[in-house]
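Engineer: The structure file model_30.cif (mmCIF, C-alpha atoms) is provided below.
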```
data_model
loop_
_atom_site.label_atom_id
_atom_site.label_comp_id
_atom_site.auth_asym_id
_atom_site.auth_seq_id
_atom_site.Cartn_x
_atom_site.Cartn_y
_atom_site.Cartn_z
CA GLU A 1 -174.70 -29.97 -171.84
CA ARG A 2 -175.14 -29.59 -168.06
CA ILE A 3 -171.40 -30.02 -167.47
CA MET A 4 -170.60 -27.38 -170.09
CA LEU A 5 -173.10 -24.96 -168.49
CA ARG A 6 -171.55 -25.60 -165.07
CA GLU A 7 -168.07 -24.81 -166.37
CA LEU A 8 -169.27 -21.67 -168.16
CA LEU A 9 -170.96 -20.37 -164.99
CA ARG A 10 -167.91 -21.16 -162.86
CA CYS A 11 -165.51 -19.51 -165.32
CA THR A 12 -167.68 -16.37 -165.59
CA ASP A 13 -167.87 -15.83 -161.82
CA MET A 14 -164.23 -16.71 -161.29
CA MET A 15 -163.17 -14.32 -164.07
CA VAL A 16 -165.03 -11.46 -162.34
CA ILE A 17 -163.54 -12.36 -158.95
CA LEU A 18 -159.95 -12.78 -160.18
CA GLU A 19 -159.80 -9.85 -162.64
CA ASN A 20 -161.14 -7.47 -160.00
CA LYS A 21 -159.09 -8.95 -157.13
CA LEU A 22 -162.23 -9.68 -155.10
CA ALA A 23 -162.55 -12.08 -152.21
CA ALA A 24 -166.24 -12.71 -153.00
CA LEU A 25 -169.28 -11.49 -154.91
CA VAL A 26 -172.34 -10.07 -153.17
CA ARG A 27 -175.80 -9.98 -154.76
CA ILE A 28 -179.48 -10.43 -154.05
CA PRO A 29 -180.85 -13.88 -154.94
CA THR A 30 -184.11 -12.49 -156.38
CA PRO A 31 -185.74 -9.07 -156.46
CA PHE A 32 -189.13 -10.64 -155.66
CA PRO A 33 -190.59 -11.56 -152.28
CA PRO A 34 -191.73 -15.17 -151.79
CA ALA A 35 -194.89 -16.01 -153.71
CA LEU A 36 -198.16 -16.66 -151.89
CA ILE A 37 -198.71 -20.37 -151.43
CA GLY A 38 -201.17 -21.35 -154.13
CA GLY A 39 -201.04 -17.87 -155.62
CA ALA A 40 -199.78 -16.59 -158.96
CA GLY A 41 -196.04 -16.36 -159.56
CA GLN A 42 -194.08 -13.57 -161.18
CA PRO A 43 -194.89 -13.42 -164.90
CA GLY A 44 -192.26 -15.39 -166.82
CA LEU A 45 -190.41 -16.68 -163.74
CA PRO A 46 -191.09 -20.22 -162.51
CA ARG A 47 -191.25 -20.27 -158.69
CA ASN A 48 -190.16 -16.57 -158.65
CA LEU A 49 -186.56 -17.62 -159.31
CA THR A 50 -184.39 -15.72 -161.73
CA LEU A 51 -182.01 -17.92 -163.70
CA GLU A 52 -179.02 -16.16 -162.11
CA SER A 53 -180.18 -17.26 -158.66
CA LEU A 54 -179.44 -20.87 -159.62
CA SER A 55 -175.96 -20.30 -161.05
CA GLY A 56 -173.90 -20.50 -157.83
CA PRO A 57 -174.93 -24.02 -156.80
CA ASN A 58 -174.99 -25.18 -160.43
CA ALA A 59 -171.48 -23.84 -161.00
CA GLY A 60 -170.09 -25.56 -157.91
CA LEU A 61 -169.32 -22.25 -156.19
CA THR A 62 -169.65 -21.60 -152.48
CA GLU A 63 -172.66 -19.49 -151.45
CA VAL A 64 -174.03 -18.25 -148.13
CA LEU A 65 -177.33 -16.38 -147.72
CA ILE A 66 -177.48 -13.81 -144.91
CA PRO A 67 -180.53 -11.78 -143.76
CA ALA A 68 -180.36 -8.28 -145.24
CA GLY A 69 -183.65 -6.71 -144.18
CA TYR A 70 -187.40 -7.01 -144.43
CA VAL A 71 -190.03 -6.09 -147.00
CA SER A 72 -193.01 -4.33 -145.40
CA THR A 73 -195.22 -4.22 -148.52
CA ALA A 74 -195.71 -6.78 -151.28
CA TYR A 75 -197.35 -6.54 -154.69
CA ASP A 76 -198.60 -10.06 -155.28
CA PRO A 77 -199.11 -11.14 -158.90
CA MET A 78 -202.64 -12.16 -159.87
CA PHE A 79 -204.25 -14.85 -161.99
CA THR A 80 -206.04 -13.48 -165.07
CA LEU A 81 -207.96 -15.44 -167.65
CA SER A 82 -206.21 -15.54 -171.03
CA ALA A 83 -207.83 -13.84 -174.04
CA ASP A 84 -208.89 -17.21 -175.49
CA GLY A 85 -210.43 -18.26 -172.14
CA ARG A 86 -208.43 -21.51 -171.99
CA ARG A 87 -205.90 -20.83 -169.24
CA TYR A 88 -204.92 -18.51 -166.45
CA ASP A 89 -201.88 -16.29 -166.85
CA TYR A 90 -199.84 -14.48 -164.23
CA THR A 91 -200.09 -10.70 -164.32
CA PRO A 92 -198.39 -8.07 -162.18
CA SER A 93 -200.40 -6.22 -159.55
CA ASP A 94 -200.33 -2.60 -158.48
CA LYS A 95 -202.33 -3.36 -155.31
CA PRO A 96 -200.10 -3.07 -152.22
CA THR A 97 -200.39 -5.71 -149.52
CA PRO A 98 -199.06 -4.46 -146.16
CA LEU A 99 -197.23 -7.15 -144.19
CA ALA A 100 -197.21 -7.66 -140.43
CA GLU A 101 -194.00 -6.73 -138.61
CA PRO A 102 -191.22 -7.53 -139.14
CA GLY A 103 -192.33 -8.29 -142.74
CA LEU A 104 -190.90 -10.80 -145.21
CA PRO A 105 -187.15 -11.33 -144.95
CA PHE A 106 -184.85 -10.94 -147.91
CA SER A 107 -181.24 -12.00 -148.15
CA LEU A 108 -177.92 -11.18 -149.67
CA VAL A 109 -175.88 -13.93 -151.29
CA PHE A 110 -172.15 -14.03 -150.64
CA ARG A 111 -170.38 -16.14 -153.27
CA ALA A 112 -166.72 -17.16 -153.51
CA GLY A 113 -164.73 -19.58 -155.58
CA PRO A 114 -164.51 -23.33 -155.08
CA ALA A 115 -163.02 -24.41 -151.73
CA LYS A 116 -163.29 -20.87 -150.34
CA GLU A 117 -165.84 -21.67 -147.64
CA ASP A 118 -163.65 -20.05 -144.99
CA VAL A 119 -163.53 -16.75 -146.92
CA VAL A 120 -167.24 -16.55 -147.68
CA LEU A 121 -168.20 -17.51 -144.10
CA GLN A 122 -165.85 -14.87 -142.68
CA ILE A 123 -167.23 -12.12 -144.97
CA ALA A 124 -170.87 -13.13 -144.44
CA SER A 125 -170.40 -13.34 -140.67
CA ALA A 126 -168.77 -9.90 -140.56
CA TYR A 127 -171.66 -8.43 -142.58
CA GLU A 128 -174.28 -10.06 -140.36
CA ASN A 129 -172.58 -8.81 -137.17
CA ALA A 130 -172.09 -5.28 -138.50
CA SER A 131 -175.54 -4.84 -140.08
CA ARG A 132 -177.58 -6.15 -137.14
CA ARG A 133 -180.40 -6.84 -139.62
CA ARG A 134 -181.33 -10.22 -138.17
CA ILE A 135 -184.54 -10.13 -136.15
CA PRO A 136 -185.15 -13.38 -134.25
CA PRO A 137 -188.58 -14.97 -134.74
CA PRO A 138 -190.92 -14.44 -131.77
CA ALA A 139 -190.67 -18.09 -130.67
CA PHE A 140 -186.85 -18.08 -130.64
CA PRO A 141 -184.49 -16.00 -128.48
CA PRO A 142 -181.71 -13.84 -129.97
CA LEU A 143 -178.46 -15.61 -130.78
#
```
Will you turn the file into structure tokens for me?
Structural biologist:
Amino acid sequence: ERIMLRELLRCTDMMVILENKLAALVRIPTPFPPALIGGAGQPGLPRNLTLESLSGPNAGLTEVLIPAGYVSTAYDPMFTLSADGRRYDYTPSDKPTPLAEPGLPFSLVFRAGPAKEDVVLQIASAYENASRRRIPPPAFPPL
């Protein structure tokens, strides 16, 4: 079953790349910021990961994540007691949590076909150089 899923994922991405004459696909890995350690996760998403975010590695395709910016405000999900009082559920929050500068980083994923590491690294490197979105951590100097 796992091998069949891998081949389906690979064929789907490769079909999009080849039919559209693309060198690579670009996407966000997840629309959610990292969860608070020990806090509630996004309702319905284990570890805040969408199923699509796992398809590149599972399909055997080459992926590179590159910094794309920073989130300055988060809306952290909350624990709420279920109606029957037996468990805690995750519920969305509308309470904004401002984050210290520079904020939480988010990335773009650059994905290419099998054995196309050179292509995806070239595209990702060009994006990173052109966007200048990378902010070095305070303890580390700029590259």
Engineer: Give me the residues within 7 Å of region 101-112 of chain A as a list in words, counting all atoms listed in the file and dropping any in the same chain fewer than 3 places off.
Structural biologist: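 Near neighbours after the sequence-gap exclusion: Ala23, Ala24, Leu25, Val26, Arg27, Ile28, Pro29, Leu61, Thr62, Glu63, Val64, Leu65, Ile66, Pro67, Ala68, Gly69, Tyr70, Val71, Ser72, Lys116, Val120 and Ala124 of chain A.
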Engineer: Would you be able to write out as a PyMOL selection string which residues have an atom within 8 Å of (-196.0, -3.0, -150.1) in the file's coordinates, counting only C-alpha atoms?
Structural biologist: chain A and resi 71-75+96-99
Engineer: Those selected residues, please, written with C-alpha atoms and delivered as an mmCIF file, keeping the file's coordinate frame.
Structural biologist:
```
data_model
loop_
_atom_site.group_PDB
_atom_site.id
_atom_site.type_symbol
_atom_site.label_atom_id
_atom_site.label_comp_id
_atom_site.auth_asym_id
_atom_site.auth_seq_id
_atom_site.Cartn_x
_atom_site.Cartn_y
_atom_site.Cartn_z
ATOM 1 C CA VAL A 71 -190.030 -6.090 -147.000
ATOM 2 C CA SER A 72 -193.010 -4.330 -145.400
ATOM 3 C CA THR A 73 -195.220 -4.220 -148.520
ATOM 4 C CA ALA A 74 -195.710 -6.780 -151.280
ATOM 5 C CA TYR A 75 -197.350 -6.540 -154.690
ATOM 6 C CA PRO A 96 -200.100 -3.070 -152.220
ATOM 7 C CA THR A 97 -200.390 -5.710 -149.520
ATOM 8 C CA PRO A 98 -199.060 -4.460 -146.160
ATOM 9 C CA LEU A 99 -197.230 -7.150 -144.190
#
```
Engineer: What is the CA of Tyr90 (chain A)-CA of Gln42 (chain A) distance in Å, reported with one decimal?
Structural biologist: 6.6 Å
Engineer: Please indicate the distance in Å from CA of Ile3 (chain A) to CA of Glu19 (chain A), rounded to one decimal place.
Structural biologist: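 Going from CA of Ile3 (chain A) over to CA of Glu19 (chain A), I get 23.8 Å.
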Engineer: Quick check on the file I pasted: which residues fall under the PyMOL selection byres ((chain A and resi 43) around 7)? Write them as JSON, numbers by chain.
Structural biologist: {"A": [41, 42, 44, 45, 90, 91, 92]}
Engineer: Between CA of Gly113 (chain A) and CA of Leu18 (chain A), what is the spacing in Å?
Structural biologist: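 It comes out at 9.5 Å.
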